[in-house]
$ cat final-v8.txt   # compact mmCIF, C-alpha atoms and all ligand atoms
# COMPACT_ATOMS: atom_id res chain seq x y z
CA MET A 1 0.00 0.00 0.00
CA ARG A 2 1.25 3.47 -0.85
CA TYR A 3 0.49 6.83 0.73
CA TRP A 4 0.75 10.48 -0.25
CA ILE A 5 0.57 13.44 2.13
CA GLU A 6 0.02 17.02 0.99
CA THR A 7 0.92 19.54 3.71
CA LEU A 8 -0.33 23.11 3.98
CA GLY A 9 0.42 25.79 6.53
CA CYS A 10 3.15 26.37 9.04
CA PRO A 11 6.22 24.35 10.12
CA LYS A 12 4.15 22.84 12.94
CA ASN A 13 1.95 21.16 10.33
CA HIS A 14 5.00 19.79 8.53
CA VAL A 15 6.13 18.08 11.71
CA ASP A 16 2.65 16.56 12.11
CA SER A 17 2.84 15.25 8.54
CA GLU A 18 6.19 13.63 9.24
CA LYS A 19 4.68 11.95 12.28
CA LEU A 20 1.72 10.72 10.25
CA ALA A 21 4.15 9.40 7.66
CA GLY A 22 6.05 7.61 10.43
CA LEU A 23 2.82 6.00 11.62
CA LEU A 24 1.81 4.91 8.12
CA VAL A 25 5.29 3.47 7.44
CA SER A 26 5.04 1.53 10.69
CA GLN A 27 1.77 0.08 9.32
CA GLY A 28 3.52 -1.12 6.17
CA TYR A 29 2.74 1.81 3.85
CA GLU A 30 5.33 3.16 1.38
CA LEU A 31 5.58 6.67 0.01
CA ALA A 32 3.99 6.95 -3.46
CA VAL A 33 5.63 8.96 -6.24
CA SER A 34 2.53 11.13 -6.60
CA ALA A 35 -1.02 11.49 -5.29
CA ALA A 36 -2.27 9.71 -8.42
CA GLU A 37 -0.26 6.57 -7.54
CA ALA A 38 -1.30 6.38 -3.88
CA ASP A 39 -3.83 4.10 -2.19
CA LEU A 40 -4.19 6.59 0.63
CA VAL A 41 -4.08 10.34 0.05
CA VAL A 42 -3.93 12.67 3.06
CA ALA A 43 -4.44 16.44 3.03
CA ASN A 44 -2.97 18.03 6.16
CA THR A 45 -4.82 21.34 6.17
CA CYS A 46 -4.36 24.78 7.67
CA ALA A 47 -7.19 26.87 9.11
CA PHE A 48 -5.21 29.79 10.46
CA ILE A 49 -6.80 32.51 8.34
CA GLU A 50 -9.38 32.72 5.57
CA ALA A 51 -6.77 32.57 2.76
CA ALA A 52 -5.24 29.42 4.26
CA ARG A 53 -8.65 27.78 4.50
CA GLU A 54 -9.41 28.55 0.84
CA GLU A 55 -6.05 27.09 -0.20
CA SER A 56 -6.75 23.98 1.89
CA ILE A 57 -10.15 23.41 0.25
CA GLU A 58 -8.65 23.90 -3.23
CA THR A 59 -5.94 21.37 -2.41
CA VAL A 60 -8.48 18.83 -1.17
CA LEU A 61 -10.49 19.20 -4.38
CA GLU A 62 -7.34 18.88 -6.53
CA LEU A 63 -6.35 15.73 -4.65
CA ALA A 64 -9.87 14.36 -5.09
CA ASP A 65 -9.44 14.85 -8.86
CA ALA A 66 -5.92 13.45 -8.94
CA LYS A 67 -6.42 10.31 -6.86
CA ARG A 68 -7.10 7.04 -8.62
CA VAL A 69 -10.46 5.27 -8.35
CA GLY A 70 -10.61 3.28 -5.13
CA ALA A 71 -7.93 5.30 -3.33
CA ARG A 72 -9.03 6.85 -0.06
CA LEU A 73 -8.86 10.55 0.66
CA VAL A 74 -8.38 11.76 4.23
CA VAL A 75 -8.51 15.35 5.43
CA THR A 76 -6.66 16.05 8.66
CA GLY A 77 -5.00 19.07 10.30
CA CYS A 78 -6.40 22.31 11.64
CA MET A 79 -9.41 22.52 9.31
CA ALA A 80 -10.48 19.00 10.16
CA GLU A 81 -10.04 19.83 13.82
CA ARG A 82 -11.96 23.05 13.65
CA TYR A 83 -14.63 22.44 11.01
CA GLY A 84 -14.83 18.64 10.98
CA GLU A 85 -18.60 18.25 10.74
CA GLU A 86 -19.06 20.98 8.10
CA LEU A 87 -16.17 19.65 6.00
CA ALA A 88 -17.46 16.11 6.09
CA ALA A 89 -20.88 17.34 4.96
CA ALA A 90 -19.55 19.69 2.28
CA LEU A 91 -16.94 17.39 0.73
CA PRO A 92 -18.52 14.08 -0.29
CA GLU A 93 -15.25 13.30 -2.14
CA VAL A 94 -13.55 12.83 1.23
CA ASP A 95 -13.59 9.44 2.94
CA LEU A 96 -12.50 10.55 6.39
CA VAL A 97 -12.19 13.85 8.22
CA ALA A 98 -9.86 13.17 11.14
CA GLY A 99 -8.46 15.52 13.79
CA PHE A 100 -4.76 15.73 14.60
CA ASN A 101 -4.62 13.42 17.50
CA GLU A 102 -6.89 10.82 16.04
CA SER A 103 -5.56 7.37 15.48
CA LEU A 104 -5.05 6.74 11.81
CA THR A 105 -5.20 3.07 12.57
CA ALA A 106 -8.73 3.60 11.27
CA LEU A 107 -7.00 3.74 7.88
CA ALA A 108 -5.75 0.16 8.01
CA PRO A 109 -6.61 -1.40 4.63
CA ALA A 110 -9.24 -3.76 5.91
CA THR A 111 -11.09 -1.16 7.93
CA PRO A 112 -14.22 0.23 6.29
CA VAL A 113 -13.90 4.00 6.45
CA ALA A 114 -16.87 5.97 7.66
CA LEU A 115 -17.38 9.64 7.06
CA ARG A 116 -17.00 11.09 10.50
CA LYS A 117 -15.12 13.27 12.88
CA ARG A 118 -14.03 11.79 16.18
CA PRO A 119 -13.09 14.43 18.72
CA THR A 120 -11.38 12.24 21.32
CA PRO A 121 -7.60 11.95 20.96
CA ALA A 122 -6.72 8.26 20.65
CA PHE A 123 -2.97 8.78 20.95
CA ASP A 124 -0.43 11.51 21.20
CA LEU A 125 0.74 12.53 17.75
CA LEU A 126 3.58 14.53 19.28
CA ASN A 127 5.38 11.42 20.45
CA LEU A 128 5.15 9.32 17.30
CA PRO A 129 8.36 8.33 15.54
CA ARG A 130 9.22 10.15 12.32
CA PRO A 131 10.95 8.92 9.16
CA ALA A 132 14.58 9.85 8.43
CA THR A 133 14.95 13.29 6.90
CA ALA A 134 17.03 14.10 3.80
CA ALA A 135 17.75 17.67 4.96
CA PRO A 136 20.45 18.35 7.57
CA TRP A 137 17.96 20.25 9.74
CA ALA A 138 14.63 19.33 11.30
CA TYR A 139 11.77 20.93 13.18
CA VAL A 140 11.03 19.41 16.59
CA LYS A 141 7.64 20.29 18.03
CA ILE A 142 7.95 20.47 21.81
CA ALA A 143 4.39 21.39 22.80
CA GLU A 144 0.90 21.51 21.40
CA GLY A 145 -1.81 24.05 22.20
CA CYS A 146 -1.51 27.41 23.95
CA ASP A 147 -2.44 28.90 27.33
CA ARG A 148 -2.68 32.43 26.02
CA ARG A 149 -5.78 33.95 24.49
CA CYS A 150 -4.64 36.53 21.96
CA GLY A 151 -7.59 38.48 20.59
CA PHE A 152 -7.16 37.44 16.95
CA CYS A 153 -6.18 33.81 17.43
CA ALA A 154 -8.47 30.79 17.22
CA ILE A 155 -5.73 28.22 17.83
CA PRO A 156 -6.53 27.62 21.53
CA THR A 157 -10.18 26.95 20.60
CA PHE A 158 -9.28 23.90 18.53
CA ARG A 159 -5.80 22.92 19.75
CA GLY A 160 -6.61 23.44 23.43
CA ASP A 161 -4.36 24.50 26.31
CA GLN A 162 -0.64 23.88 26.17
CA ARG A 163 0.56 20.31 26.56
CA SER A 164 4.33 20.12 26.74
CA ARG A 165 6.26 17.03 25.81
CA SER A 166 8.68 15.78 28.43
CA THR A 167 12.40 16.54 28.22
CA GLU A 168 13.09 12.82 27.68
CA GLU A 169 10.70 12.57 24.73
CA ILE A 170 12.15 15.66 23.09
CA LEU A 171 15.76 14.59 23.66
CA GLY A 172 14.93 11.11 22.36
CA GLU A 173 13.56 12.53 19.12
CA ALA A 174 16.40 15.04 18.77
CA ARG A 175 19.06 12.38 19.38
CA ALA A 176 17.54 10.11 16.72
CA LEU A 177 17.58 13.01 14.26
CA VAL A 178 21.20 13.84 15.08
CA ALA A 179 22.17 10.18 14.68
CA GLY A 180 20.56 10.36 11.23
CA GLY A 181 22.76 13.32 10.22
CA VAL A 182 20.76 16.34 11.36
CA GLN A 183 23.00 19.30 12.24
CA GLU A 184 20.34 21.83 13.15
CA ILE A 185 17.27 21.38 15.34
CA VAL A 186 14.56 24.02 15.07
CA LEU A 187 12.32 24.00 18.14
CA ILE A 188 8.71 24.95 17.55
CA ALA A 189 5.49 25.27 19.56
CA GLN A 190 2.61 27.73 19.59
CA ASP A 191 4.22 29.57 22.53
CA LEU A 192 7.74 28.19 22.72
CA ALA A 193 8.98 30.29 25.64
CA SER A 194 6.25 28.79 27.86
CA TRP A 195 7.30 25.21 27.19
CA GLY A 196 7.17 23.12 30.34
CA ASN A 197 5.05 25.52 32.40
CA ASP A 198 2.01 23.22 32.21
CA ARG A 199 4.05 20.25 33.44
CA ARG A 200 5.54 22.26 36.26
CA ARG A 201 2.12 23.59 37.24
CA ALA A 202 0.82 20.04 37.35
CA SER A 203 3.74 18.81 39.45
CA LEU A 204 3.60 21.71 41.88
CA GLY A 205 -0.18 21.74 42.00
CA GLU A 206 -0.21 25.51 41.72
CA ALA A 207 -0.22 28.30 39.18
CA VAL A 208 3.15 29.41 37.85
CA GLU A 209 3.61 32.75 36.14
CA VAL A 210 4.09 32.44 32.39
CA LEU A 211 6.84 35.01 32.59
CA ASP A 212 9.42 33.52 34.86
CA GLU A 213 12.46 35.71 35.36
CA GLY A 214 15.26 34.28 37.47
CA GLY A 215 16.74 31.61 35.26
CA THR A 216 14.37 28.76 36.03
CA GLN A 217 12.35 28.91 32.80
CA PRO A 218 12.18 25.27 31.67
CA LEU A 219 13.13 26.12 28.06
CA ILE A 220 16.50 27.40 29.26
CA GLU A 221 17.66 24.01 30.49
CA LEU A 222 16.27 22.20 27.46
CA THR A 223 18.05 24.58 25.09
CA ARG A 224 21.31 24.15 27.02
CA ILE A 225 21.17 20.37 26.85
CA LEU A 226 20.25 20.31 23.17
CA SER A 227 22.93 22.78 22.17
CA SER A 228 25.56 20.56 23.79
CA GLU A 229 24.45 17.69 21.54
CA VAL A 230 23.76 19.30 18.16
CA GLU A 231 25.67 21.91 16.16
CA ARG A 232 22.75 24.34 15.93
CA VAL A 233 19.60 24.85 17.99
CA ARG A 234 17.18 27.50 16.75
CA LEU A 235 14.11 28.69 18.66
CA LEU A 236 10.99 29.89 16.81
CA TYR A 237 7.84 31.71 17.99
CA LEU A 238 9.02 33.45 21.15
CA TYR A 239 6.27 35.45 22.87
CA PRO A 240 8.06 38.68 23.85
CA SER A 241 7.41 38.53 27.61
CA GLY A 242 8.84 35.00 27.59
CA LEU A 243 12.15 36.33 26.30
CA THR A 244 13.64 36.56 29.77
CA SER A 245 17.22 37.66 30.41
CA GLY A 246 18.09 34.04 31.23
CA LEU A 247 16.70 32.85 27.91
CA ILE A 248 18.48 35.63 26.01
CA GLU A 249 21.79 34.60 27.61
CA THR A 250 21.12 30.96 26.76
CA ILE A 251 20.25 31.67 23.14
CA LEU A 252 23.38 33.78 22.71
CA ALA A 253 25.48 31.01 24.28
CA THR A 254 24.22 28.44 21.74
CA GLY A 255 26.06 30.27 18.96
CA VAL A 256 22.77 30.78 17.06
CA PRO A 257 21.90 34.38 18.02
CA TYR A 258 18.59 34.28 16.20
CA PHE A 259 15.52 35.80 17.85
CA ASP A 260 12.13 35.05 16.34
CA LEU A 261 9.89 37.37 18.32
CA SER A 262 6.16 37.20 17.90
CA LEU A 263 5.39 40.94 18.25
CA GLN A 264 2.20 41.47 16.12
CA HIS A 265 2.19 45.27 16.57
CA SER A 266 4.06 48.06 18.32
CA SER A 267 1.23 50.39 19.33
CA ARG A 268 0.28 49.91 22.96
CA PRO A 269 -3.51 50.40 22.46
CA MET A 270 -3.41 47.84 19.64
CA LEU A 271 -1.49 45.33 21.71
CA ARG A 272 -3.92 45.75 24.61
CA ALA A 273 -6.83 45.25 22.21
CA MET A 274 -5.04 42.12 20.97
CA ARG A 275 -4.74 41.05 24.64
CA ARG A 276 -1.00 40.85 24.30
CA TRP A 277 1.96 41.96 26.36
CA GLY A 278 4.28 44.87 25.71
CA ASP A 279 4.66 47.84 23.41
CA GLY A 280 7.14 49.20 20.88
CA GLU A 281 9.28 50.88 23.50
CA ARG A 282 9.75 47.68 25.52
CA PHE A 283 10.44 45.67 22.37
CA LEU A 284 13.08 48.18 21.28
CA GLU A 285 14.72 48.04 24.71
CA ARG A 286 15.03 44.25 24.50
CA ILE A 287 16.35 44.35 20.96
CA ALA A 288 18.91 47.00 21.93
CA ALA A 289 19.96 45.03 25.03
CA ILE A 290 20.58 41.95 22.87
CA ARG A 291 22.48 43.93 20.23
CA ALA A 292 24.61 45.48 22.98
CA VAL A 293 25.87 41.98 23.81
CA ASP A 294 25.93 40.61 20.27
CA HIS A 295 25.95 43.23 17.56
CA ASP A 296 25.32 40.53 14.94
CA ALA A 297 22.18 39.06 16.53
CA THR A 298 19.44 38.39 13.98
CA PHE A 299 15.81 39.34 14.54
CA ARG A 300 12.63 38.14 12.87
CA SER A 301 9.05 39.03 13.71
CA SER A 302 5.51 39.05 12.34
CA PHE A 303 2.85 41.74 12.46
CA ILE A 304 -0.89 42.07 11.89
CA LEU A 305 -2.30 45.02 9.96
CA GLY A 306 -5.91 46.16 10.19
CA TYR A 307 -6.84 44.70 13.60
CA PRO A 308 -10.22 46.14 14.73
CA GLY A 309 -9.81 49.70 15.97
CA GLU A 310 -6.44 50.27 14.25
CA THR A 311 -6.02 53.97 13.45
CA GLU A 312 -3.65 56.00 11.28
CA GLU A 313 -1.81 56.83 14.50
CA ASP A 314 -1.26 53.11 15.20
CA GLN A 315 0.02 52.67 11.65
CA ALA A 316 2.43 55.59 12.11
CA ASN A 317 3.59 54.02 15.37
CA LEU A 318 4.28 50.72 13.59
CA LEU A 319 6.18 52.40 10.74
CA GLU A 320 8.32 54.25 13.26
CA PHE A 321 8.96 51.03 15.15
CA ILE A 322 9.94 49.12 11.99
CA GLU A 323 12.34 51.92 11.08
CA GLU A 324 13.94 51.93 14.53
CA ALA A 325 14.00 48.19 15.14
CA GLN A 326 15.90 47.41 11.91
CA LEU A 327 14.75 43.79 12.02
CA ASP A 328 16.46 41.42 9.64
CA TRP A 329 13.27 39.63 8.65
CA ALA A 330 9.57 40.33 9.10
CA GLY A 331 6.26 38.92 7.90
CA PHE A 332 3.11 41.03 7.58
CA PHE A 333 -0.46 39.77 7.51
CA THR A 334 -3.83 41.47 7.29
CA PHE A 335 -6.23 40.75 10.13
CA SER A 336 -8.46 37.74 9.51
CA ASP A 337 -11.77 37.72 11.35
CA GLU A 338 -12.04 34.31 13.03
CA ASP A 339 -15.15 32.84 14.62
CA GLY A 340 -14.87 32.29 18.33
CA THR A 341 -12.13 34.89 18.90
CA TYR A 342 -12.30 37.95 21.12
CA ALA A 343 -11.65 40.22 18.10
CA HIS A 344 -14.66 38.82 16.24
CA ASP A 345 -17.01 40.84 18.46
CA LEU A 346 -14.94 44.02 18.52
CA SER A 347 -16.21 47.12 16.78
CA GLY A 348 -14.12 49.24 14.45
CA HIS A 349 -13.33 46.62 11.84
CA VAL A 350 -10.89 48.07 9.29
CA PRO A 351 -11.89 47.73 5.60
CA HIS A 352 -9.75 45.04 3.95
CA GLU A 353 -8.50 47.43 1.24
CA LEU A 354 -7.22 49.84 3.88
CA ALA A 355 -5.53 47.00 5.78
CA LEU A 356 -3.87 45.93 2.52
CA GLU A 357 -2.70 49.46 1.87
CA ARG A 358 -1.13 49.60 5.34
CA LEU A 359 0.46 46.22 4.77
CA ARG A 360 2.03 47.40 1.51
CA GLU A 361 3.39 50.47 3.25
CA VAL A 362 5.14 48.57 6.04
CA SER A 363 6.29 45.78 3.71
CA GLU A 364 7.95 48.29 1.42
CA LEU A 365 9.83 49.79 4.34
CA GLN A 366 10.86 46.41 5.72
CA ASP A 367 11.99 45.18 2.27
CA GLN A 368 14.43 48.09 2.11
CA ILE A 369 15.69 47.36 5.63
CA THR A 370 16.12 43.65 4.90
CA ALA A 371 17.99 44.41 1.66
CA THR A 372 20.28 46.87 3.45
CA ARG A 373 21.02 44.38 6.21
CA ARG A 374 21.76 41.71 3.63
CA ASP A 375 24.02 44.14 1.70
CA SER A 376 25.98 44.79 4.88
CA LEU A 377 27.05 41.13 4.91
CA VAL A 378 29.07 41.54 1.71
CA GLY A 379 32.74 41.17 2.61
CA THR A 380 32.07 39.16 5.78
CA GLN A 381 33.00 35.57 6.43
CA GLN A 382 30.15 33.17 7.33
CA ARG A 383 29.96 29.54 8.36
CA VAL A 384 27.17 27.89 6.41
CA LEU A 385 25.36 24.60 6.65
CA ILE A 386 24.74 23.08 3.23
CA ASP A 387 21.01 22.28 2.98
CA ALA A 388 20.94 21.23 -0.68
CA PRO A 389 23.30 21.51 -3.67
CA GLY A 390 24.07 25.22 -4.02
CA VAL A 391 22.00 26.19 -0.95
CA GLY A 392 23.63 27.15 2.33
CA ARG A 393 22.51 28.90 5.49
CA SER A 394 24.43 30.79 8.14
CA VAL A 395 22.94 31.22 11.61
CA ARG A 396 21.14 34.30 10.25
CA GLU A 397 18.77 32.34 8.04
CA CYS A 398 16.05 30.06 9.33
CA PRO A 399 15.28 27.18 6.97
CA GLU A 400 12.27 27.59 4.68
CA ILE A 401 11.41 31.02 6.08
CA ASP A 402 14.32 33.41 5.43
CA GLY A 403 16.67 33.94 2.49
CA ILE A 404 19.64 31.67 1.74
CA VAL A 405 23.37 31.81 1.04
CA ILE A 406 24.03 30.74 -2.54
CA VAL A 407 27.10 28.49 -2.50
CA ASP A 408 29.19 26.21 -4.71
CA PRO A 409 26.88 23.32 -5.74
CA ALA A 410 29.78 20.89 -5.23
CA LEU A 411 29.72 21.39 -1.44
CA ARG A 412 28.42 18.26 0.31
CA VAL A 413 24.89 18.43 1.69
CA GLY A 414 25.00 18.23 5.49
CA SER A 415 28.52 19.64 5.77
CA PHE A 416 29.62 23.05 7.04
CA ALA A 417 31.69 25.44 4.94
CA GLU A 418 33.40 28.78 5.52
CA VAL A 419 32.42 31.26 2.83
CA GLN A 420 33.15 34.88 1.99
CA ILE A 421 30.00 36.80 1.08
CA VAL A 422 30.64 38.47 -2.26
CA ALA A 423 27.21 39.75 -3.36
CA SER A 424 23.65 40.21 -2.17
CA HIS A 425 20.49 39.77 -4.22
CA GLY A 426 17.52 41.03 -2.20
CA THR A 427 16.98 38.42 0.51
CA ASP A 428 19.71 36.03 -0.67
CA VAL A 429 23.47 36.48 -0.50
CA GLU A 430 26.21 34.75 -2.44
CA GLY A 431 29.22 33.10 -0.80
CA VAL A 432 32.56 31.91 -2.20
CA THR A 433 34.21 28.97 -0.43
CA LEU A 434 37.34 29.93 1.52
S1 LIG B 1 0.46 32.98 21.72
FE1 LIG B 1 0.20 32.43 19.54
S2 LIG B 1 -0.99 30.51 19.52
FE2 LIG B 1 -1.17 31.40 21.58
S3 LIG B 1 -3.10 32.56 21.49
FE3 LIG B 1 -1.42 33.99 21.02
S4 LIG B 1 -1.20 33.97 18.75
FE4 LIG B 1 -2.46 32.18 19.37

$ encode --input "final-v8.txt" --output "structure tokens"
Amino acid sequence: MRYWIETLGCPKNHVDSEKLAGLLVSQGYELAVSAAEADLVVANTCAFIEAAREESIETVLELADAKRVGARLVVTGCMAERYGEELAAALPEVDLVAGFNESLTALAPATPVALRKRPTPAFDLLNLPRPATAAPWAYVKIAEGCDRRCGFCAIPTFRGDQRSRSTEEILGEARALVAGGVQEIVLIAQDLASWGNDRRRASLGEAVEVLDEGGTQPLIELTRILSSEVERVRLLYLYPSGLTSGLIETILATGVPYFDLSLQHSSRPMLRAMRRWGDGERFLERIAAIRAVDHDATFRSSFILGYPGETEEDQANLLEFIEEAQLDWAGFFTFSDEDGTYAHDLSGHVPHELALERLREVSELQDQITATRRDSLVGTQQRVLIDAPGVGRSVRECPEIDGIVIVDPALRVGSFAEVQIVASHGTDVEGVTL
């Protein structure tokens, strides 16, 4: 039996797909060369915003067309989790709509497949084995769900509160990846900096502050252990209040001074309306404090434009912040009105065209900043990890998200090389082997 998985959405979804693949392989399935050749076709969907949902539906319909007669089509992932019943009713082409943590043992060849959504997790997807990876880097998801309730975000409504994996489980997965040749582990979770707080709360039987200054934040110890066992450890999705001084020190000590801060806006009224911590001034202070220790630290963030109530003053505040922060990388998104979120009921919705206009304005500014920061690398020496023939990355570039370092295609995939940066082309730079 052969399977095919089509993955949409964020890195967290890609990890889930790898785990599903691991489960199917353990059941005797082999990877097909295309959806058309598979006996089992899985669409791992994304429901984050309206555009992602549309793309997911289109993909499901394309897979329904492409699959051969008799092959089964399964829809899993965030859309299945969030809109299971509606999807099952609206897509008769689909044989099974199954949530993330549902056992795909229901897909065993002899099992008749019913059209249904089963809400009860039958096993923990996070702790499934995963197949060997061809790339020298891998995402490792260390928690599922989120304890925060940001105004725009529906994730907690369908992924639930945070459930952290244990240190042993994470180290076990990381060690297997390293043994298979992985040189860079990218830790991901919805709220990475809060990893472990739920376990500690449970063991202490009391509430623990999410922000935990004083060097006892669980992620600090995990990052320390991992960085002693793998060349590179990169942390994604850091909620700004979780970026404690202890965590900053630890990240800098790993040799990967890369800070992916989930900021979303800089205007204080906007951030309060989003039910989030901080403001532009505090963010700038933290960025400056990090740069004071490591001038070369790299910063990435993402921002939402057109959140309900956003004014021209808020937009001016954000533009000013972007100019001052000089982030290396940034992603901008227009607000997406999601059912079941706090923002859904807020007044002052911003017309989509206006939100788009604001997005274009900040993107244009950030593109110039990114290009300038990339230009400034020309003439420097960088140590790059070779991801694929001709494609390298220094510590400044996160895989799949940021630009790359163009290198000699003869360099061996999985090796490290010292290169001199000789040119920059927008987000990418070019390196000559030393
Ligand atoms: S921290 Fe992230 S996942 Fe959690 S509620 Fe906020 S935006 Fe959503």

$ residues_near_ligand --input "final-v8.txt" --ligand "ligand LIG 1 (chain B)" --cutoff "10 Å" --atoms "all atoms listed in the file" --output "tab-separated table (two decimals) with C-alpha atoms, keeping the file's coordinate frame"
chain	number	residue	atom	x	y	z
A	48	PHE	CA	-5.21	29.79	10.46
A	144	GLU	CA	0.90	21.51	21.40
A	145	GLY	CA	-1.81	24.05	22.20
A	146	CYS	CA	-1.51	27.41	23.95
A	147	ASP	CA	-2.44	28.90	27.33
A	148	ARG	CA	-2.68	32.43	26.02
A	149	ARG	CA	-5.78	33.95	24.49
A	150	CYS	CA	-4.64	36.53	21.96
A	151	GLY	CA	-7.59	38.48	20.59
A	152	PHE	CA	-7.16	37.44	16.95
A	153	CYS	CA	-6.18	33.81	17.43
A	154	ALA	CA	-8.47	30.79	17.22
A	155	ILE	CA	-5.73	28.22	17.83
A	156	PRO	CA	-6.53	27.62	21.53
A	157	THR	CA	-10.18	26.95	20.60
A	159	ARG	CA	-5.80	22.92	19.75
A	160	GLY	CA	-6.61	23.44	23.43
A	161	ASP	CA	-4.36	24.50	26.31
A	162	GLN	CA	-0.64	23.88	26.17
A	189	ALA	CA	5.49	25.27	19.56
A	190	GLN	CA	2.61	27.73	19.59
A	191	ASP	CA	4.22	29.57	22.53
A	192	LEU	CA	7.74	28.19	22.72
A	193	ALA	CA	8.98	30.29	25.64
A	194	SER	CA	6.25	28.79	27.86
A	237	TYR	CA	7.84	31.71	17.99
A	238	LEU	CA	9.02	33.45	21.15
A	239	TYR	CA	6.27	35.45	22.87
A	240	PRO	CA	8.06	38.68	23.85
A	262	SER	CA	6.16	37.20	17.90
A	263	LEU	CA	5.39	40.94	18.25
A	264	GLN	CA	2.20	41.47	16.12
A	274	MET	CA	-5.04	42.12	20.97
A	275	ARG	CA	-4.74	41.05	24.64
A	276	ARG	CA	-1.00	40.85	24.30
A	341	THR	CA	-12.13	34.89	18.90

$ residues_around --input "final-v8.txt" --residues "Val413 of chain A" --least-positions-apart "3" --cutoff "12 Å" --atoms "all atoms listed in the file" --output "PyMOL selection string"
chain A and resi 134-137+181-183+384-393+407-410+416-417

$ atom_distance --input "final-v8.txt" --atom1 "atom CA of Pro11 of chain A" --atom2 "atom CA of Ile369 of chain A"
25.3 Å

$ residues_around --input "final-v8.txt" --residues "Val419 of chain A" --least-positions-apart "6" --cutoff "7 Å" --atoms "only C-alpha atoms" --output "PyMOL selection string"
chain A and resi 381-383+431-434

$ residues_around --input "final-v8.txt" --residues "Ser347 of chain A" --least-positions-apart "6" --cutoff "12 Å" --atoms "only C-alpha atoms" --output "list in words"
Ala273, Tyr307, Pro308, Gly309, Glu310 and Asp337 of chain A

$ write_last_selection --input "final-v8.txt" --atoms "C-alpha atoms" --output "compact mmCIF listing (two decimals), in the coordinates of the input"
# COMPACT_ATOMS: atom_id res chain seq x y z
CA ALA A 273 -6.83 45.25 22.21
CA TYR A 307 -6.84 44.70 13.60
CA PRO A 308 -10.22 46.14 14.73
CA GLY A 309 -9.81 49.70 15.97
CA GLU A 310 -6.44 50.27 14.25
CA ASP A 337 -11.77 37.72 11.35

$ atom_distance --input "final-v8.txt" --atom1 "atom CA of Val395 of chain A" --atom2 "atom CA of Ser166 of chain A"
26.9 Å

$ residues_around --input "final-v8.txt" --residues "segment 57-66 of chain A" --least-positions-apart "6" --cutoff "7 Å" --atoms "only C-alpha atoms" --output "list of chain:residue names"
A:Ala35, A:Ala36, A:Ala43, A:Leu73, A:Glu93

$ residues_near_point --input "final-v8.txt" --point "(7.5, 6.7, 1.0)" --cutoff "8 Å" --atoms "all atoms listed in the file" --output "PDB file with C-alpha atoms, keeping the file's coordinate frame"
ATOM      1  CA  ARG A   2       1.250   3.470  -0.850  1.00  0.00           C
ATOM      2  CA  TYR A   3       0.490   6.830   0.730  1.00  0.00           C
ATOM      3  CA  TRP A   4       0.750  10.480  -0.250  1.00  0.00           C
ATOM      4  CA  ALA A  21       4.150   9.400   7.660  1.00  0.00           C
ATOM      5  CA  VAL A  25       5.290   3.470   7.440  1.00  0.00           C
ATOM      6  CA  TYR A  29       2.740   1.810   3.850  1.00  0.00           C
ATOM      7  CA  GLU A  30       5.330   3.160   1.380  1.00  0.00           C
ATOM      8  CA  LEU A  31       5.580   6.670   0.010  1.00  0.00           C
ATOM      9  CA  ALA A  32       3.990   6.950  -3.460  1.00  0.00           C
ATOM     10  CA  VAL A  33       5.630   8.960  -6.240  1.00  0.00           C
TER      11      VAL A  33
END

$ residues_around --input "final-v8.txt" --residues "Val42 of chain A" --least-positions-apart "6" --cutoff "6 Å" --atoms "only C-alpha atoms" --output "PyMOL selection string"
chain A and resi 5+73-75

$ atom_distance --input "final-v8.txt" --atom1 "atom CA of Ala52 of chain A" --atom2 "atom CA of Leu243 of chain A"
28.9 Å

$ closest_residue --input "final-v8.txt" --among "A:Asp16, A:Asp328, A:Glu54, A:Glu312" --to "Ile142 of chain A" --atoms "all atoms listed in the file"
A:Asp16

$ closest_residue --input "final-v8.txt" --among "A:Leu40, A:Val256, A:Ala423, A:Leu187" --to "Glu231 of chain A" --atoms "all atoms listed in the file"
A:Val256

$ closest_residue --input "final-v8.txt" --among "A:Asp345, A:Asp339, A:Thr216, A:Ser424" --to "Gly379 of chain A" --atoms "only C-alpha atoms"
A:Ser424

$ closest_residue --input "final-v8.txt" --among "A:Asp198, A:Glu361, A:Asp294, A:Asp95" --to "Ala143 of chain A" --atoms "all atoms listed in the file"
A:Asp198

$ closest_residue --input "final-v8.txt" --among "A:Glu184, A:Asp260, A:Glu168, A:Glu50" --to "Val230 of chain A" --atoms "all atoms listed in the file"
A:Glu184

$ closest_residue --input "final-v8.txt" --among "A:Thr370, A:Thr244, A:Thr223, A:Ser164" --to "Trp329 of chain A" --atoms "only C-alpha atoms"
A:Thr370
